[in-house]
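Reproduced below: coords05.cif, with mmCIF, C-alpha atoms.
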```cif
data_query
loop_
_atom_site.label_atom_id
_atom_site.label_comp_id
_atom_site.auth_asym_id
_atom_site.auth_seq_id
_atom_site.Cartn_x
_atom_site.Cartn_y
_atom_site.Cartn_z
CA MET A 1 50.03 77.91 75.44
CA GLU A 2 52.98 76.38 73.60
CA GLY A 3 56.01 78.64 73.41
CA GLU A 4 54.75 81.24 75.92
CA ALA A 5 57.13 81.51 78.89
CA ALA A 6 55.69 81.72 82.40
CA TYR A 7 57.18 81.73 85.89
CA GLY A 8 57.19 78.43 87.70
CA PHE A 9 58.82 76.69 90.62
CA ILE A 10 61.17 73.95 89.40
CA VAL A 11 61.92 70.73 91.27
CA ASN A 12 64.52 68.38 89.85
CA VAL A 13 65.06 65.00 91.53
CA ASP A 14 67.85 62.51 90.80
CA ALA A 15 68.67 59.14 92.36
CA GLN A 16 72.18 58.90 93.79
CA GLY A 17 74.23 55.94 92.55
CA SER A 18 71.69 54.79 89.96
CA GLY A 19 74.48 54.02 87.51
CA LEU A 20 75.60 51.19 89.78
CA LEU A 21 72.25 49.40 89.51
CA SER A 22 71.70 46.49 87.15
CA ASP A 23 68.99 46.47 84.49
CA THR A 24 66.87 44.22 86.70
CA GLU A 25 67.21 46.59 89.69
CA LYS A 26 66.37 49.86 87.92
CA PRO A 27 62.62 49.31 87.41
CA GLU A 28 62.15 48.86 91.17
CA MET A 29 64.24 51.98 91.84
CA ARG A 30 62.05 53.98 89.44
CA ARG A 31 58.85 52.64 91.00
CA ARG A 32 59.99 53.73 94.45
CA LEU A 33 61.21 57.10 93.09
CA TYR A 34 57.77 57.92 91.70
CA ASP A 35 56.06 56.57 94.80
CA VAL A 36 57.93 58.68 97.37
CA THR A 37 57.92 61.90 95.33
CA GLY A 38 54.35 61.54 94.09
CA THR A 39 53.04 60.78 97.57
CA ALA A 40 54.86 63.87 98.89
CA PHE A 41 53.13 66.07 96.27
CA GLU A 42 49.77 64.56 97.24
CA GLN A 43 50.47 65.16 100.92
CA ALA A 44 51.36 68.79 100.14
CA GLY A 45 48.11 69.22 98.18
CA ILE A 46 49.79 69.67 94.78
CA ARG A 47 48.25 67.78 91.84
CA PRO A 48 47.90 68.15 88.06
CA PRO A 49 47.26 70.47 86.27
CA ARG A 50 49.22 72.57 88.78
CA LEU A 51 51.96 69.93 88.63
CA TYR A 52 53.78 69.11 85.38
CA GLN A 53 56.32 66.26 85.29
CA GLU A 54 58.89 64.85 82.86
CA ASP A 55 60.56 61.48 83.21
CA ARG A 56 64.38 61.67 83.31
CA GLY A 57 65.23 57.97 83.59
CA ASP A 58 66.82 58.03 87.04
CA GLY A 59 65.06 61.26 87.97
CA ILE A 60 61.99 63.46 87.55
CA LEU A 61 61.70 67.10 86.48
CA SER A 62 58.65 68.84 87.96
CA VAL A 63 57.39 72.35 87.20
CA LEU A 64 54.70 73.87 89.41
CA ALA A 65 52.09 76.42 88.38
CA PRO A 66 52.66 80.05 89.49
CA ASP A 67 49.82 79.82 92.04
CA VAL A 68 51.58 77.07 94.05
CA PRO A 69 53.21 78.71 97.10
CA PRO A 70 56.98 78.00 96.85
CA ALA A 71 57.23 77.84 100.64
CA ARG A 72 55.01 74.77 100.52
CA ILE A 73 57.66 72.98 98.45
CA VAL A 74 60.64 74.19 100.50
CA GLY A 75 58.86 73.25 103.72
CA GLU A 76 56.08 70.67 103.59
CA TRP A 77 57.00 68.81 100.38
CA VAL A 78 60.67 68.39 101.38
CA GLU A 79 59.68 67.15 104.84
CA GLN A 80 57.11 64.70 103.48
CA LEU A 81 59.64 63.41 100.93
CA HIS A 82 62.18 62.85 103.69
CA GLN A 83 59.73 60.88 105.81
CA ASN A 84 58.52 58.87 102.79
CA LEU A 85 62.12 57.92 101.97
CA ARG A 86 62.79 56.83 105.55
CA GLU A 87 59.72 54.61 105.49
CA SER A 88 60.45 53.21 102.01
CA ASN A 89 64.08 52.46 102.86
CA ARG A 90 63.34 50.62 106.07
CA ASP A 91 65.27 47.31 106.18
CA LEU A 92 66.43 47.63 102.55
CA ARG A 93 69.94 46.54 101.60
CA LYS A 94 70.11 49.23 98.88
CA PRO A 95 68.21 52.28 100.14
CA LEU A 96 66.93 54.90 97.70
CA ARG A 97 68.89 58.15 98.15
CA LEU A 98 67.83 61.31 96.36
CA ARG A 99 69.28 64.68 95.37
CA VAL A 100 66.86 67.59 94.89
CA GLY A 101 67.53 70.89 93.10
CA LEU A 102 65.09 73.81 93.61
CA HIS A 103 64.89 77.05 91.60
CA ILE A 104 62.27 79.50 90.34
CA GLY A 105 62.14 81.35 87.03
CA ARG A 106 60.81 81.55 83.51
CA VAL A 107 59.88 78.23 81.89
CA THR A 108 58.89 77.78 78.24
CA PRO A 109 56.59 74.86 77.27
CA ASP A 110 56.59 73.14 73.90
CA ALA A 111 55.51 69.84 72.41
CA TYR A 112 58.59 68.10 73.85
CA GLY A 113 58.60 69.37 77.43
CA ARG A 114 59.85 72.39 79.35
CA SER A 115 62.97 74.49 78.83
CA GLY A 116 64.70 77.61 80.04
CA ARG A 117 67.76 78.79 81.97
CA ALA A 118 65.82 78.32 85.21
CA VAL A 119 65.24 74.65 84.33
CA ASP A 120 68.94 74.27 83.52
CA LEU A 121 69.98 75.76 86.87
CA ALA A 122 67.69 73.48 88.90
CA CYS A 123 69.14 70.46 87.08
CA ARG A 124 72.73 71.66 87.48
CA LEU A 125 72.29 72.22 91.23
CA CYS A 126 70.86 68.73 91.61
CA ASP A 127 73.72 67.15 89.66
CA CYS A 128 76.73 69.23 90.74
CA GLY A 129 79.71 67.72 92.53
CA THR A 130 79.02 69.52 95.81
CA THR A 131 75.49 68.10 96.05
CA LYS A 132 76.75 64.59 95.35
CA ALA A 133 79.62 64.95 97.80
CA ILE A 134 77.37 66.18 100.61
CA LEU A 135 75.00 63.22 100.24
CA ALA A 136 77.96 60.84 100.03
CA ALA A 137 79.37 62.32 103.25
CA ALA A 138 75.98 62.00 105.00
CA ALA A 139 76.15 58.21 104.88
CA ASP A 140 72.94 57.61 106.88
CA ALA A 141 70.83 60.27 105.14
CA PRO A 142 68.46 59.51 102.24
CA LEU A 143 68.12 63.08 100.94
CA VAL A 144 70.03 66.28 100.18
CA VAL A 145 68.36 69.49 98.98
CA ALA A 146 70.19 72.18 96.98
CA VAL A 147 68.40 75.51 96.50
CA SER A 148 69.42 78.50 94.42
CA ASP A 149 70.44 81.76 96.04
CA ARG A 150 67.15 83.30 94.92
CA VAL A 151 65.03 80.54 96.45
CA HIS A 152 67.03 80.79 99.67
CA GLU A 153 66.61 84.57 99.89
CA ASP A 154 62.92 84.68 98.97
CA PHE A 155 61.52 81.49 100.51
CA VAL A 156 64.00 79.99 103.00
CA LEU A 157 65.18 83.01 104.97
CA PRO A 158 61.63 84.14 105.89
CA GLY A 159 61.09 80.73 107.54
CA GLY A 160 57.72 79.08 107.95
CA ARG A 161 56.21 75.67 108.54
CA TRP A 162 59.02 73.08 108.31
CA VAL A 163 61.34 75.75 106.88
CA ASP A 164 64.47 76.12 109.03
CA PRO A 165 66.95 78.66 107.59
CA GLU A 166 69.58 77.74 110.19
CA HIS A 167 69.78 74.19 108.79
CA TYR A 168 71.14 75.41 105.43
CA ARG A 169 74.78 75.98 104.55
CA ARG A 170 76.15 78.08 101.69
CA HIS A 171 78.66 76.87 99.08
CA ASP A 172 79.88 78.47 95.87
CA VAL A 173 79.70 75.87 93.11
CA ASP A 174 81.13 75.75 89.59
CA LEU A 175 78.50 74.91 86.98
CA LYS A 176 78.69 74.83 83.18
CA GLU A 177 77.24 78.34 83.09
CA GLY A 178 79.78 79.64 85.61
CA ARG A 179 80.26 79.99 89.36
CA THR A 180 77.14 80.50 91.46
CA THR A 181 75.97 80.39 95.07
CA ALA A 182 73.80 77.56 96.34
CA TRP A 183 72.42 76.56 99.73
CA PHE A 184 72.32 72.98 100.99
CA ARG A 185 70.27 71.09 103.54
CA VAL A 186 70.21 67.47 104.69
CA PRO A 187 66.79 66.89 106.33
CA GLY A 188 67.08 65.32 109.75
CA ARG A 189 70.40 67.04 110.47
CA PRO A 190 71.04 70.48 112.00
CA ALA A 191 73.57 71.12 109.22
CA PRO A 192 74.86 69.26 106.17
CA PRO A 193 78.34 67.72 106.39
CA GLU A 194 81.18 69.62 104.80
CA PRO A 195 82.02 68.25 101.34
CA PRO A 196 85.65 67.68 100.36
CA GLU A 197 87.29 70.88 99.13
CA SER A 198 87.88 69.23 95.77
CA ALA A 199 84.22 68.40 95.17
CA GLU A 200 84.00 70.85 92.23
CA ALA A 201 87.67 70.66 91.18
CA ALA A 202 89.25 68.22 88.82
CA ALA A 203 91.66 65.73 90.38
CA PRO A 204 95.28 66.86 90.01
CA GLU A 205 97.48 65.06 87.58
CA PRO A 206 99.65 62.41 89.28
CA ALA A 207 103.17 63.61 89.90
CA GLU A 208 105.97 62.02 87.96
CA ALA A 209 108.20 59.66 89.87
CA THR A 210 111.64 61.09 90.57
CA ALA A 211 114.50 58.90 89.44
CA PRO A 212 117.35 58.27 91.87
CA ALA A 213 120.27 60.67 91.60
CA GLY A 214 122.68 59.52 88.94
CA ALA A 215 120.21 57.15 87.27
CA GLU A 216 119.77 57.37 83.51
CA ASP A 217 116.60 58.95 82.17
CA THR A 218 114.35 56.41 80.49
CA LYS A 219 113.62 58.74 77.57
CA ALA A 220 115.78 58.09 74.54
CA GLY A 221 118.49 60.64 73.86
CA THR A 222 118.39 62.15 77.34
CA PRO A 223 121.82 62.19 78.99
CA PRO A 224 122.24 60.77 82.49
CA ARG A 225 121.87 63.18 85.41
CA PRO A 226 125.09 64.16 87.13
CA PRO A 227 125.71 62.44 90.48
CA ALA A 228 124.60 64.54 93.39
CA ALA A 229 126.95 66.06 95.92
CA THR A 230 126.62 64.80 99.49
CA ASP A 231 126.73 67.04 102.53
CA THR A 232 129.10 65.72 105.19
CA MET A 233 129.40 67.92 108.28
CA GLY A 234 129.00 71.03 106.16
CA ARG A 235 131.62 69.93 103.57
CA PHE A 236 130.42 68.94 100.12
CA VAL A 237 131.98 65.85 98.55
CA GLN A 238 131.49 65.36 94.80
CA ASN A 239 131.86 61.76 93.58
CA ILE A 240 132.67 61.47 89.90
CA HIS A 241 132.84 58.26 87.85
CA GLN A 242 134.49 59.54 84.71
CA HIS A 243 134.03 57.86 81.33
CA GLY A 244 135.77 60.50 79.25
CA ASP A 245 137.35 63.92 79.39
CA GLY A 246 135.28 66.96 80.34
CA GLU A 247 134.50 69.54 82.97
CA VAL A 248 133.06 69.07 86.46
CA ILE A 249 130.40 71.63 87.33
CA ALA A 250 128.96 71.84 90.86
CA ALA A 251 126.46 74.25 92.38
CA GLU A 252 128.24 74.28 95.76
CA ARG A 253 131.82 74.72 96.93
CA ILE A 254 133.59 71.32 96.87
CA GLU A 255 135.90 70.41 99.73
CA THR A 256 136.75 66.93 98.44
CA LEU A 257 136.69 65.71 94.83
CA ASN A 258 136.93 61.95 94.26
CA ILE A 259 137.46 60.92 90.63
CA ASP A 260 137.34 57.32 89.42
CA ARG A 261 139.09 57.18 86.04
CA ARG A 262 138.91 53.41 85.58
CA GLY A 263 138.20 52.79 81.92
CA GLY A 264 138.12 56.53 81.31
CA GLY A 265 140.34 58.88 79.33
CA ARG A 266 143.90 59.82 80.28
#
```

Rewrite the coordinates I just gave you, this time as structure tokens.
Amino acid sequence: MEGEAAYGFIVNVDAQGSGLLSDTEKPEMRRRLYDVTGTAFEQAGIRPPRLYQEDRGDGILSVLAPDVPPARIVGEWVEQLHQNLRESNRDLRKPLRLRVGLHIGRVTPDAYGRSGRAVDLACRLCDCGTTKAILAAAADAPLVVAVSDRVHEDFVLPGGRWVDPEHYRRHDVDLKEGRTTAWFRVPGRPAPPEPPESAEAAAPEPAEATAPAGAEDTKAGTPPRPPAATDTMGRFVQNIHQHGDGEVIAAERIETLNIDRRGGGR
């Protein structure tokens, strides 16, 4: 019934690097995306009306009925998807590589689709920087799976057919809703590669170049920096090129003071 929330298992799938494809390449990518994911659902025995799907352009949002065992998705569906991708990508110059986000929670249907915080979290896990960085680091892998802490605790840790808890690794990720814990797996590997530490952090601002000592600042109205003292065998020598009268201020004790008054004041 429209507007009545119900629990469901949420599967969000996105294609990695789809933004780099041309308009002529994207239809083929989408055809293969639906083929490998749809075949995996068939192989796992999950079909409409127990399977609801929304097109997301370069991805697919799927919501499963409450009577679908979540362990079947975490185990059999993920494994079938991995094998389907391997077969589909064979000998291709541009292989299809997918990110999958898995979560469970309340989902509200309406005339436009499905919504809810659980849907948001599955999509965020699929699209977060850590998920992208892990798949980028696993250069030969076609798939990365990111599961919520709840899915990991309830359906991964107990194990089961094609469910290997030891193949998952935990990372704390920063999402729009805040920091949360997620678990990652790259099928075909005993453990996912470590993402760069900066996967969820913004790149630091580039440092300003330091002008040579004594050089004039390029900003208008800024006086030139005083020439630096040099350390010679423990004795500090201050070199001054004077262009007027004034004081000499140094942070260290000066053994030798050389003053060039050419053109300066008397």

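Residues matched by the PyMOL selection byres ((chain A and resi 33-44) around 6) in this file are Arg30, Arg31, Arg32, Gly45, Ile46, Trp77, Gln80, Leu81 and Asn84 of chain A.
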
So that all listed atoms of stretch 88-106 of chain A fit with 3 Å spare on each side, what axis-aligned box centre and edge lengths in Å, to one decimal, would you give as JSON?
```
{"center_x": 65.3, "center_y": 64.0, "center_z": 94.8, "size_x": 15.7, "size_y": 41.0, "size_z": 28.7}
```

| said: Once the PyMOL selection byres ((chain A and resi 125-137) around 10) has been evaluated on this model, what residues remain selected, and can you format them as an NGL selection string? | reply: :A and (11-17 or 97-103 or 120-124 or 138-148 or 171-176 or 180-186 or 192-201)

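For the choices A:Phe155, A:Trp162, A:Lys94, A:Gly8, the atom-to-atom distance to A:Leu20 is smallest for A:Lys94 when using all atoms listed in the file.
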
| Nearest to A:Glu25: which of A:Gly178, A:Arg150, A:Asp58, A:Gly188 is it, counting all atoms listed in the file? | A:Asp58

| said: Rounded to one decimal, what separation in Å do you get between atom CA of A:Pro70 and atom CA of A:Leu157? | reply: 12.6 Å

| Rounded to one decimal in Å, what is the spacing between atom CA of A:Glu4 and atom CA of A:Pro109? | 6.8 Å

| Contacts of A:Arg106 at 7 Å (all atoms listed in the file; same-chain gap of 3+ positions) as a PyMOL selection string | chain A and resi 5-8+116+118

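Minimum atom-to-atom distances from A:Phe9, A:Glu28, A:Pro48, A:Tyr168 to A:Val68 were compared using all atoms listed in the file, and the lowest value belongs to A:Phe9.
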
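From atom CA of A:Gly57 back to atom CA of A:Gly19, the distance works out to 10.8 Å.
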
Saved stretch 143-166 of chain A from the preceding structure, C-alpha atoms, as a PDB file, in the first residue's frame:
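Saved to selection-v2.pdb:
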```pdb
ATOM      1  CA  LEU A 143      33.261  -5.726  -7.680  1.00  0.00           C
ATOM      2  CA  VAL A 144      33.348  -4.234  -4.183  1.00  0.00           C
ATOM      3  CA  VAL A 145      30.593  -4.751  -1.600  1.00  0.00           C
ATOM      4  CA  ALA A 146      29.937  -2.321   1.276  1.00  0.00           C
ATOM      5  CA  VAL A 147      27.546  -3.475   4.010  1.00  0.00           C
ATOM      6  CA  SER A 148      26.183  -1.547   6.963  1.00  0.00           C
ATOM      7  CA  ASP A 149      27.199  -2.425  10.500  1.00  0.00           C
ATOM      8  CA  ARG A 150      23.739  -3.893  11.084  1.00  0.00           C
ATOM      9  CA  VAL A 151      23.900  -6.151   8.032  1.00  0.00           C
ATOM     10  CA  HIS A 152      27.387  -7.270   9.038  1.00  0.00           C
ATOM     11  CA  GLU A 153      26.319  -8.092  12.603  1.00  0.00           C
ATOM     12  CA  ASP A 154      23.055  -9.840  11.727  1.00  0.00           C
ATOM     13  CA  PHE A 155      23.839 -11.589   8.431  1.00  0.00           C
ATOM     14  CA  VAL A 156      27.609 -11.671   7.806  1.00  0.00           C
ATOM     15  CA  LEU A 157      29.016 -12.672  11.187  1.00  0.00           C
ATOM     16  CA  PRO A 158      26.814 -15.805  11.481  1.00  0.00           C
ATOM     17  CA  GLY A 159      28.332 -17.052   8.198  1.00  0.00           C
ATOM     18  CA  GLY A 160      26.602 -19.406   5.811  1.00  0.00           C
ATOM     19  CA  ARG A 161      26.731 -20.490   2.195  1.00  0.00           C
ATOM     20  CA  TRP A 162      29.208 -18.218   0.368  1.00  0.00           C
ATOM     21  CA  VAL A 163      29.274 -15.893   3.391  1.00  0.00           C
ATOM     22  CA  ASP A 164      32.837 -15.482   4.701  1.00  0.00           C
ATOM     23  CA  PRO A 165      33.051 -13.038   7.644  1.00  0.00           C
ATOM     24  CA  GLU A 166      36.858 -13.167   7.628  1.00  0.00           C
TER      25      GLU A 166
END
```
